[in-house]
Amino acid sequence: MVVYTLKINNEKHVVEVDEGTPLLWVLREHLGLTGTKYGCGISACGACTVHINGTPVKACVMPVEGAVDGKEITTIEGLSKDNDHPLQKAWIKAQAPQCGYCQSGQIMHAAALLDKNPTPNREEIKQYMNDILCRCGTYLRILDAIEMAIEKPISMK
Ligand code: FES
């Protein structure tokens with residue numbers, strides 16, 4: 001077992017886990033951050049997407065060692081203070097989820113896109129979001145939600 005110090009959602013966490021433990025298990029099993037989901041475990045679905053220094057990363061295949069040394073990890077729990085990120089509001093307004101399982105990964109991936117390109121067109125959104133799978137097929141509502149988020153501010157009414 002090795003002791004690692006991680007910075008997650010602006011808080012320092014110290015965990016003792018086996019070398020090579022995937023970041024996803026550290027988040028879910030050791031720190032209770034269960035918003036990040038396990039889908040495939042082989043970097044194919046994107047349900048486990050978190051940000052490391054603002055870049056979307058599949059936490060299921062990221063060994064914990066890759067997330068240390070002061071790197072900033074952001075999970076869905078840390079995306080906004082009051083679940084009020086424009087994407088989170090838009091997700092509700094568009095009623096994007098069906099079963100909901102992949103949606104934190106979808107939102108985290110979309111957030112990384114908007115950080116890089118605040119005004120992507122529909123084709124650019126489609127291309128970027130192609131990396132994250134939804135078994136319910138909510139893709140059209142996800143695209144709508146991202147477009148809604150671009151047209152800020154979003155009222156919850
Ligand atoms: Fe990580 Fe599917 S669980 S990509």
# chains A, B, ... in the order shown; residues from 1 in each chain; ligands from 1
>>> residues_near_ligand(ligand="ligand 1", cutoff="7 Å", atoms="only C-alpha atoms and all ligand atoms", output="MDAnalysis selection string")
chainID A and resid 37:49 58:61
>>> write_last_selection(atoms="all heavy atoms", output="mmCIF file, in the first residue's frame")
data_model
loop_
_atom_site.group_PDB
_atom_site.id
_atom_site.type_symbol
_atom_site.label_atom_id
_atom_site.label_comp_id
_atom_site.auth_asym_id
_atom_site.auth_seq_id
_atom_site.Cartn_x
_atom_site.Cartn_y
_atom_site.Cartn_z
ATOM 1 N N LYS A 37 -19.135 7.473 -12.408
ATOM 2 C CA LYS A 37 -19.666 6.106 -12.547
ATOM 3 C C LYS A 37 -18.695 5.147 -13.219
ATOM 4 O O LYS A 37 -17.845 5.548 -14.012
ATOM 5 C CB LYS A 37 -20.964 6.136 -13.365
ATOM 6 C CG LYS A 37 -22.046 7.045 -12.815
ATOM 7 C CD LYS A 37 -22.475 6.640 -11.418
ATOM 8 C CE LYS A 37 -23.631 7.498 -10.934
ATOM 9 N NZ LYS A 37 -23.822 7.402 -9.493
ATOM 10 N N TYR A 38 -18.901 3.881 -12.901
ATOM 11 C CA TYR A 38 -18.176 2.799 -13.564
ATOM 12 C C TYR A 38 -19.087 2.202 -14.634
ATOM 13 O O TYR A 38 -20.171 1.703 -14.310
ATOM 14 C CB TYR A 38 -17.795 1.727 -12.544
ATOM 15 C CG TYR A 38 -17.237 0.484 -13.186
ATOM 16 C CD1 TYR A 38 -15.956 0.492 -13.727
ATOM 17 C CD2 TYR A 38 -17.976 -0.696 -13.254
ATOM 18 C CE1 TYR A 38 -15.437 -0.639 -14.321
ATOM 19 C CE2 TYR A 38 -17.456 -1.831 -13.846
ATOM 20 C CZ TYR A 38 -16.188 -1.796 -14.383
ATOM 21 O OH TYR A 38 -15.669 -2.912 -14.982
ATOM 22 N N GLY A 39 -18.639 2.263 -15.880
ATOM 23 C CA GLY A 39 -19.445 1.677 -16.951
ATOM 24 C C GLY A 39 -18.771 0.460 -17.548
ATOM 25 O O GLY A 39 -19.262 -0.659 -17.456
ATOM 26 N N CYS A 40 -17.597 0.655 -18.143
ATOM 27 C CA CYS A 40 -16.946 -0.431 -18.886
ATOM 28 C C CYS A 40 -15.603 -0.835 -18.287
ATOM 29 O O CYS A 40 -15.191 -1.976 -18.403
ATOM 30 C CB CYS A 40 -16.743 -0.002 -20.330
ATOM 31 S SG CYS A 40 -15.592 1.391 -20.488
ATOM 32 N N GLY A 41 -14.901 0.115 -17.713
ATOM 33 C CA GLY A 41 -13.585 -0.168 -17.134
ATOM 34 C C GLY A 41 -12.464 -0.261 -18.152
ATOM 35 O O GLY A 41 -11.331 -0.578 -17.798
ATOM 36 N N ILE A 42 -12.766 0.019 -19.419
ATOM 37 C CA ILE A 42 -11.732 -0.106 -20.458
ATOM 38 C C ILE A 42 -11.625 1.150 -21.330
ATOM 39 O O ILE A 42 -11.234 1.087 -22.489
ATOM 40 C CB ILE A 42 -11.966 -1.349 -21.344
ATOM 41 C CG1 ILE A 42 -13.380 -1.322 -21.956
ATOM 42 C CG2 ILE A 42 -11.717 -2.633 -20.561
ATOM 43 C CD1 ILE A 42 -13.592 -2.341 -23.063
ATOM 44 N N SER A 43 -12.030 2.267 -20.789
ATOM 45 C CA SER A 43 -11.907 3.547 -21.506
ATOM 46 C C SER A 43 -12.775 3.615 -22.763
ATOM 47 O O SER A 43 -12.439 4.312 -23.709
ATOM 48 C CB SER A 43 -10.430 3.796 -21.880
ATOM 49 O OG SER A 43 -10.274 5.104 -22.363
ATOM 50 N N ALA A 44 -13.891 2.887 -22.743
ATOM 51 C CA ALA A 44 -14.720 2.857 -23.957
ATOM 52 C C ALA A 44 -16.008 3.663 -23.840
ATOM 53 O O ALA A 44 -16.568 4.066 -24.856
ATOM 54 C CB ALA A 44 -15.066 1.407 -24.306
ATOM 55 N N CYS A 45 -16.493 3.920 -22.619
ATOM 56 C CA CYS A 45 -17.841 4.518 -22.512
ATOM 57 C C CYS A 45 -17.854 5.963 -22.011
ATOM 58 O O CYS A 45 -18.730 6.732 -22.373
ATOM 59 C CB CYS A 45 -18.736 3.654 -21.622
ATOM 60 S SG CYS A 45 -18.391 3.797 -19.850
ATOM 61 N N GLY A 46 -16.936 6.322 -21.147
ATOM 62 C CA GLY A 46 -16.861 7.712 -20.669
ATOM 63 C C GLY A 46 -17.687 8.014 -19.430
ATOM 64 O O GLY A 46 -17.696 9.160 -18.968
ATOM 65 N N ALA A 47 -18.368 7.026 -18.875
ATOM 66 C CA ALA A 47 -19.175 7.275 -17.667
ATOM 67 C C ALA A 47 -18.317 7.752 -16.499
ATOM 68 O O ALA A 47 -18.814 8.398 -15.578
ATOM 69 C CB ALA A 47 -19.921 6.006 -17.268
ATOM 70 N N CYS A 48 -17.026 7.446 -16.555
ATOM 71 C CA CYS A 48 -16.125 7.749 -15.437
ATOM 72 C C CYS A 48 -15.344 9.044 -15.649
ATOM 73 O O CYS A 48 -14.348 9.272 -14.967
ATOM 74 C CB CYS A 48 -15.133 6.595 -15.291
ATOM 75 S SG CYS A 48 -14.081 6.450 -16.759
ATOM 76 N N THR A 49 -15.780 9.889 -16.565
ATOM 77 C CA THR A 49 -14.993 11.076 -16.926
ATOM 78 C C THR A 49 -14.895 12.093 -15.788
ATOM 79 O O THR A 49 -15.907 12.489 -15.202
ATOM 80 C CB THR A 49 -15.597 11.758 -18.169
ATOM 81 O OG1 THR A 49 -15.570 10.821 -19.252
ATOM 82 C CG2 THR A 49 -14.815 13.006 -18.563
ATOM 83 N N LYS A 58 -10.521 9.569 -18.449
ATOM 84 C CA LYS A 58 -11.321 8.404 -18.053
ATOM 85 C C LYS A 58 -10.685 7.834 -16.770
ATOM 86 O O LYS A 58 -9.614 7.220 -16.815
ATOM 87 C CB LYS A 58 -11.322 7.351 -19.160
ATOM 88 C CG LYS A 58 -11.655 7.913 -20.553
ATOM 89 C CD LYS A 58 -13.117 7.844 -20.853
ATOM 90 C CE LYS A 58 -13.475 8.399 -22.231
ATOM 91 N NZ LYS A 58 -12.907 7.702 -23.381
ATOM 92 N N ALA A 59 -11.370 8.027 -15.682
ATOM 93 C CA ALA A 59 -10.804 7.665 -14.376
ATOM 94 C C ALA A 59 -10.660 6.161 -14.188
ATOM 95 O O ALA A 59 -9.893 5.718 -13.336
ATOM 96 C CB ALA A 59 -11.668 8.255 -13.260
ATOM 97 N N CYS A 60 -11.352 5.372 -14.992
ATOM 98 C CA CYS A 60 -11.278 3.904 -14.827
ATOM 99 C C CYS A 60 -9.935 3.352 -15.277
ATOM 100 O O CYS A 60 -9.544 2.269 -14.855
ATOM 101 C CB CYS A 60 -12.403 3.208 -15.577
ATOM 102 S SG CYS A 60 -12.282 3.287 -17.384
ATOM 103 N N VAL A 61 -9.238 4.096 -16.145
ATOM 104 C CA VAL A 61 -7.947 3.609 -16.635
ATOM 105 C C VAL A 61 -6.791 4.537 -16.228
ATOM 106 O O VAL A 61 -5.680 4.391 -16.723
ATOM 107 C CB VAL A 61 -7.957 3.415 -18.174
ATOM 108 C CG1 VAL A 61 -8.853 2.257 -18.572
ATOM 109 C CG2 VAL A 61 -8.352 4.686 -18.893
#
>>> residues_around(residues="A:His13", least_positions_apart="4", cutoff="12 Å", atoms="only C-alpha atoms", output="PDB file with C-alpha atoms, in the first residue's frame")
ATOM      1  CA  VAL A   3      -0.017   6.847   0.648  1.00  0.00           C
ATOM      2  CA  TYR A   4      -1.090   9.388  -1.979  1.00  0.00           C
ATOM      3  CA  THR A   5      -2.138  12.999  -1.591  1.00  0.00           C
ATOM      4  CA  LEU A   6      -4.753  14.159  -4.061  1.00  0.00           C
ATOM      5  CA  LYS A   7      -6.358  17.528  -4.676  1.00  0.00           C
ATOM      6  CA  ILE A   8      -9.981  16.906  -5.541  1.00  0.00           C
ATOM      7  CA  ASN A   9     -12.578  19.631  -5.941  1.00  0.00           C
ATOM      8  CA  VAL A  26     -10.167   5.930  -5.165  1.00  0.00           C
ATOM      9  CA  LEU A  27     -12.938   8.445  -5.842  1.00  0.00           C
ATOM     10  CA  HIS A  30     -12.233   5.502  -0.681  1.00  0.00           C
ATOM     11  CA  LEU A  31     -13.655   9.008  -0.837  1.00  0.00           C
ATOM     12  CA  GLY A  32     -17.365   8.380  -1.433  1.00  0.00           C
ATOM     13  CA  LEU A  33     -17.481  10.545  -4.558  1.00  0.00           C
ATOM     14  CA  ALA A  67      -3.383  12.258 -10.553  1.00  0.00           C
ATOM     15  CA  VAL A  68      -0.945  13.290  -7.812  1.00  0.00           C
ATOM     16  CA  GLY A  70      -0.654  18.838  -7.043  1.00  0.00           C
ATOM     17  CA  GLU A  72      -6.319  19.492  -9.804  1.00  0.00           C
ATOM     18  CA  ILE A  73      -8.949  16.783 -10.057  1.00  0.00           C
TER      19      ILE A  73
END
>>> closest_atom_pairs(of="stretch 38-105 of chain A", to="stretch 142-147 of chain A", cutoff="9 Å", atoms="only C-alpha atoms", output="tab-separated table")
residue	atom	partner	partner_atom	distance
A:Pro86	CA	A:Ile146	CA	8.8
A:Leu87	CA	A:Ile146	CA	6.4
A:Gln88	CA	A:Ala145	CA	8.8
A:Lys89	CA	A:Ala145	CA	8.6
A:Ala90	CA	A:Ala145	CA	5.0
A:Trp91	CA	A:Ala145	CA	5.3
A:Ile92	CA	A:Ala145	CA	8.2
A:Lys93	CA	A:Ala145	CA	7.5
A:Ala94	CA	A:Ala145	CA	5.4
A:Gln95	CA	A:Ala145	CA	8.2
A:Ala96	CA	A:Ile142	CA	5.4
A:Pro97	CA	A:Ile142	CA	7.9
A:Gln103	CA	A:Ile142	CA	8.9
>>> write_last_selection(atoms="all heavy atoms", output="mmCIF file, in the first residue's frame")
data_model
loop_
_atom_site.group_PDB
_atom_site.id
_atom_site.type_symbol
_atom_site.label_atom_id
_atom_site.label_comp_id
_atom_site.auth_asym_id
_atom_site.auth_seq_id
_atom_site.Cartn_x
_atom_site.Cartn_y
_atom_site.Cartn_z
ATOM 1 N N PRO A 86 -23.896 26.203 -15.781
ATOM 2 C CA PRO A 86 -24.822 26.349 -16.910
ATOM 3 C C PRO A 86 -25.218 25.007 -17.543
ATOM 4 O O PRO A 86 -26.363 24.832 -17.969
ATOM 5 C CB PRO A 86 -24.048 27.224 -17.897
ATOM 6 C CG PRO A 86 -23.120 28.016 -17.040
ATOM 7 C CD PRO A 86 -22.756 27.130 -15.883
ATOM 8 N N LEU A 87 -24.279 24.071 -17.580
ATOM 9 C CA LEU A 87 -24.621 22.768 -18.158
ATOM 10 C C LEU A 87 -25.600 22.009 -17.259
ATOM 11 O O LEU A 87 -26.507 21.336 -17.751
ATOM 12 C CB LEU A 87 -23.359 21.926 -18.360
ATOM 13 C CG LEU A 87 -22.506 22.297 -19.574
ATOM 14 C CD1 LEU A 87 -21.147 21.628 -19.470
ATOM 15 C CD2 LEU A 87 -23.198 21.918 -20.880
ATOM 16 N N GLN A 88 -25.406 22.087 -15.961
ATOM 17 C CA GLN A 88 -26.318 21.379 -15.053
ATOM 18 C C GLN A 88 -27.733 21.953 -15.159
ATOM 19 O O GLN A 88 -28.717 21.219 -15.182
ATOM 20 C CB GLN A 88 -25.786 21.448 -13.619
ATOM 21 C CG GLN A 88 -24.524 20.598 -13.460
ATOM 22 C CD GLN A 88 -23.811 20.833 -12.143
ATOM 23 O OE1 GLN A 88 -23.497 21.962 -11.786
ATOM 24 N NE2 GLN A 88 -23.552 19.760 -11.419
ATOM 25 N N LYS A 89 -27.816 23.282 -15.252
ATOM 26 C CA LYS A 89 -29.137 23.905 -15.423
ATOM 27 C C LYS A 89 -29.760 23.491 -16.753
ATOM 28 O O LYS A 89 -30.952 23.181 -16.825
ATOM 29 C CB LYS A 89 -29.010 25.421 -15.377
ATOM 30 C CG LYS A 89 -28.662 25.996 -14.031
ATOM 31 C CD LYS A 89 -28.608 27.490 -14.205
ATOM 32 C CE LYS A 89 -28.384 28.249 -12.939
ATOM 33 N NZ LYS A 89 -28.344 29.687 -13.202
ATOM 34 N N ALA A 90 -28.928 23.500 -17.788
ATOM 35 C CA ALA A 90 -29.438 23.148 -19.116
ATOM 36 C C ALA A 90 -29.877 21.688 -19.172
ATOM 37 O O ALA A 90 -30.868 21.353 -19.817
ATOM 38 C CB ALA A 90 -28.360 23.422 -20.166
ATOM 39 N N TRP A 91 -29.135 20.837 -18.462
ATOM 40 C CA TRP A 91 -29.488 19.411 -18.437
ATOM 41 C C TRP A 91 -30.902 19.223 -17.874
ATOM 42 O O TRP A 91 -31.673 18.413 -18.379
ATOM 43 C CB TRP A 91 -28.469 18.658 -17.583
ATOM 44 C CG TRP A 91 -27.741 17.587 -18.318
ATOM 45 C CD1 TRP A 91 -27.883 16.239 -18.141
ATOM 46 C CD2 TRP A 91 -26.739 17.749 -19.337
ATOM 47 N NE1 TRP A 91 -27.042 15.558 -18.994
ATOM 48 C CE2 TRP A 91 -26.318 16.468 -19.742
ATOM 49 C CE3 TRP A 91 -26.158 18.862 -19.959
ATOM 50 C CZ2 TRP A 91 -25.361 16.253 -20.725
ATOM 51 C CZ3 TRP A 91 -25.202 18.651 -20.937
ATOM 52 C CH2 TRP A 91 -24.817 17.370 -21.307
ATOM 53 N N ILE A 92 -31.196 20.010 -16.843
ATOM 54 C CA ILE A 92 -32.534 19.914 -16.234
ATOM 55 C C ILE A 92 -33.571 20.480 -17.200
ATOM 56 O O ILE A 92 -34.603 19.858 -17.460
ATOM 57 C CB ILE A 92 -32.561 20.659 -14.885
ATOM 58 C CG1 ILE A 92 -31.671 19.934 -13.886
ATOM 59 C CG2 ILE A 92 -33.997 20.776 -14.361
ATOM 60 C CD1 ILE A 92 -31.384 20.722 -12.620
ATOM 61 N N LYS A 93 -33.257 21.630 -17.743
ATOM 62 C CA LYS A 93 -34.213 22.278 -18.640
ATOM 63 C C LYS A 93 -34.512 21.401 -19.856
ATOM 64 O O LYS A 93 -35.666 21.287 -20.289
ATOM 65 C CB LYS A 93 -33.679 23.640 -19.079
ATOM 66 C CG LYS A 93 -34.729 24.492 -19.736
ATOM 67 C CD LYS A 93 -34.364 25.953 -19.723
ATOM 68 C CE LYS A 93 -35.546 26.743 -20.255
ATOM 69 N NZ LYS A 93 -35.234 28.151 -20.419
ATOM 70 N N ALA A 94 -33.487 20.768 -20.398
ATOM 71 C CA ALA A 94 -33.679 19.921 -21.586
ATOM 72 C C ALA A 94 -34.181 18.527 -21.220
ATOM 73 O O ALA A 94 -34.473 17.729 -22.104
ATOM 74 C CB ALA A 94 -32.363 19.808 -22.349
ATOM 75 N N GLN A 95 -34.247 18.246 -19.908
ATOM 76 C CA GLN A 95 -34.617 16.899 -19.449
ATOM 77 C C GLN A 95 -33.752 15.856 -20.183
ATOM 78 O O GLN A 95 -34.267 14.889 -20.755
ATOM 79 C CB GLN A 95 -36.109 16.646 -19.680
ATOM 80 C CG GLN A 95 -37.004 17.490 -18.771
ATOM 81 C CD GLN A 95 -36.934 17.049 -17.311
ATOM 82 O OE1 GLN A 95 -37.444 15.990 -16.962
ATOM 83 N NE2 GLN A 95 -36.289 17.834 -16.472
ATOM 84 N N ALA A 96 -32.441 16.091 -20.147
ATOM 85 C CA ALA A 96 -31.518 15.270 -20.932
ATOM 86 C C ALA A 96 -31.434 13.805 -20.491
ATOM 87 O O ALA A 96 -31.428 12.917 -21.335
ATOM 88 C CB ALA A 96 -30.136 15.907 -20.930
ATOM 89 N N PRO A 97 -31.412 13.498 -19.195
ATOM 90 C CA PRO A 97 -31.171 12.101 -18.828
ATOM 91 C C PRO A 97 -32.376 11.189 -19.042
ATOM 92 O O PRO A 97 -33.513 11.638 -18.979
ATOM 93 C CB PRO A 97 -30.861 12.156 -17.319
ATOM 94 C CG PRO A 97 -30.694 13.583 -16.983
ATOM 95 C CD PRO A 97 -31.433 14.360 -18.011
ATOM 96 N N GLN A 103 -24.690 10.303 -17.275
ATOM 97 C CA GLN A 103 -24.853 11.744 -17.439
ATOM 98 C C GLN A 103 -23.783 12.581 -16.746
ATOM 99 O O GLN A 103 -23.444 13.659 -17.236
ATOM 100 C CB GLN A 103 -26.259 12.176 -17.003
ATOM 101 C CG GLN A 103 -27.375 11.479 -17.783
ATOM 102 C CD GLN A 103 -27.478 11.905 -19.246
ATOM 103 O OE1 GLN A 103 -27.194 13.050 -19.578
ATOM 104 N NE2 GLN A 103 -27.894 10.997 -20.122
#
>>> select_by_dssp(residues="stretch 5-157 of chain A", states="strand (DSSP E or B)", output="list in words")
Thr5, Leu6, Lys7, Ile8, Glu11, Lys12, His13, Val14, Val15, Glu16, Val17, Pro22, Thr49, Val50, His51, Ile52, Thr55, Pro56, Val57, Lys58, Pro63, Glu72, Ile73 and Thr74 of chain A
>>> atom_distance(atom1="atom CA of A:Arg28", atom2="atom CA of A:Thr74")
13.4 Å
>>> atom_distance(atom1="atom CA of A:Pro120", atom2="atom CA of A:Gly105")
18.8 Å
>>> select_by_dssp(residues="chain A", states="alpha helix (DSSP H)", output="MDAnalysis selection string")
chainID A and resid 23:25 86:93 103:116 122:129 139:150
>>> residues_around(residues="A:Leu113", least_positions_apart="2", cutoff="10 Å", atoms="only C-alpha atoms", output="PyMOL selection string")
chain A and resi 54-56+107-111+115-120+124-125+128-129+146
>>> closest_residue(among="A:Ile52, A:Leu133, A:Ala149, A:Leu23", to="A:Leu114", atoms="only C-alpha atoms")
A:Ala149
>>> atom_distance(atom1="atom CA of A:Val17", atom2="atom CA of A:Val2")
5.5 Å
>>> closest_residue(among="A:Thr75, A:Ser80, A:Thr138, A:Asn130", to="A:Cys99", atoms="only C-alpha atoms")
A:Thr138
>>> closest_residue(among="A:Glu151, A:Glu123, A:Glu77, A:Asp82", to="A:Gly35", atoms="only C-alpha atoms")
A:Glu77
>>> decode(residues="stretch 32-52 of chain A", atoms="N, CA and C atoms", output="CSV table (one decimal), in the first residue's frame")
chain,number,residue,atom,x,y,z
A,32,GLY,N,-15.9,8.3,-1.4
A,32,GLY,CA,-17.4,8.4,-1.4
A,32,GLY,C,-17.9,9.3,-2.5
A,33,LEU,N,-17.0,9.6,-3.5
A,33,LEU,CA,-17.5,10.5,-4.6
A,33,LEU,C,-18.1,9.7,-5.7
A,34,THR,N,-19.3,9.3,-5.4
A,34,THR,CA,-20.0,8.3,-6.3
A,34,THR,C,-20.7,8.9,-7.5
A,35,GLY,N,-20.6,10.2,-7.7
A,35,GLY,CA,-21.2,10.8,-8.9
A,35,GLY,C,-20.4,10.3,-10.1
A,36,THR,N,-19.2,9.9,-10.0
A,36,THR,CA,-18.4,9.4,-11.1
A,36,THR,C,-18.7,7.9,-11.2
A,37,LYS,N,-19.1,7.5,-12.4
A,37,LYS,CA,-19.7,6.1,-12.5
A,37,LYS,C,-18.7,5.1,-13.2
A,38,TYR,N,-18.9,3.9,-12.9
A,38,TYR,CA,-18.2,2.8,-13.6
A,38,TYR,C,-19.1,2.2,-14.6
A,39,GLY,N,-18.6,2.3,-15.9
A,39,GLY,CA,-19.4,1.7,-17.0
A,39,GLY,C,-18.8,0.5,-17.5
A,40,CYS,N,-17.6,0.7,-18.1
A,40,CYS,CA,-16.9,-0.4,-18.9
A,40,CYS,C,-15.6,-0.8,-18.3
A,41,GLY,N,-14.9,0.1,-17.7
A,41,GLY,CA,-13.6,-0.2,-17.1
A,41,GLY,C,-12.5,-0.3,-18.2
A,42,ILE,N,-12.8,0.0,-19.4
A,42,ILE,CA,-11.7,-0.1,-20.5
A,42,ILE,C,-11.6,1.2,-21.3
A,43,SER,N,-12.0,2.3,-20.8
A,43,SER,CA,-11.9,3.5,-21.5
A,43,SER,C,-12.8,3.6,-22.8
A,44,ALA,N,-13.9,2.9,-22.7
A,44,ALA,CA,-14.7,2.9,-24.0
A,44,ALA,C,-16.0,3.7,-23.8
A,45,CYS,N,-16.5,3.9,-22.6
A,45,CYS,CA,-17.8,4.5,-22.5
A,45,CYS,C,-17.9,6.0,-22.0
A,46,GLY,N,-16.9,6.3,-21.1
A,46,GLY,CA,-16.9,7.7,-20.7
A,46,GLY,C,-17.7,8.0,-19.4
A,47,ALA,N,-18.4,7.0,-18.9
A,47,ALA,CA,-19.2,7.3,-17.7
A,47,ALA,C,-18.3,7.8,-16.5
A,48,CYS,N,-17.0,7.4,-16.6
A,48,CYS,CA,-16.1,7.7,-15.4
A,48,CYS,C,-15.3,9.0,-15.6
A,49,THR,N,-15.8,9.9,-16.6
A,49,THR,CA,-15.0,11.1,-16.9
A,49,THR,C,-14.9,12.1,-15.8
A,50,VAL,N,-13.7,12.5,-15.5
A,50,VAL,CA,-13.4,13.6,-14.5
A,50,VAL,C,-12.4,14.5,-15.3
A,51,HIS,N,-12.1,15.6,-14.6
A,51,HIS,CA,-11.1,16.5,-15.2
A,51,HIS,C,-9.8,16.4,-14.4
A,52,ILE,N,-8.7,16.4,-15.0
A,52,ILE,CA,-7.4,16.6,-14.4
A,52,ILE,C,-6.8,17.8,-15.0
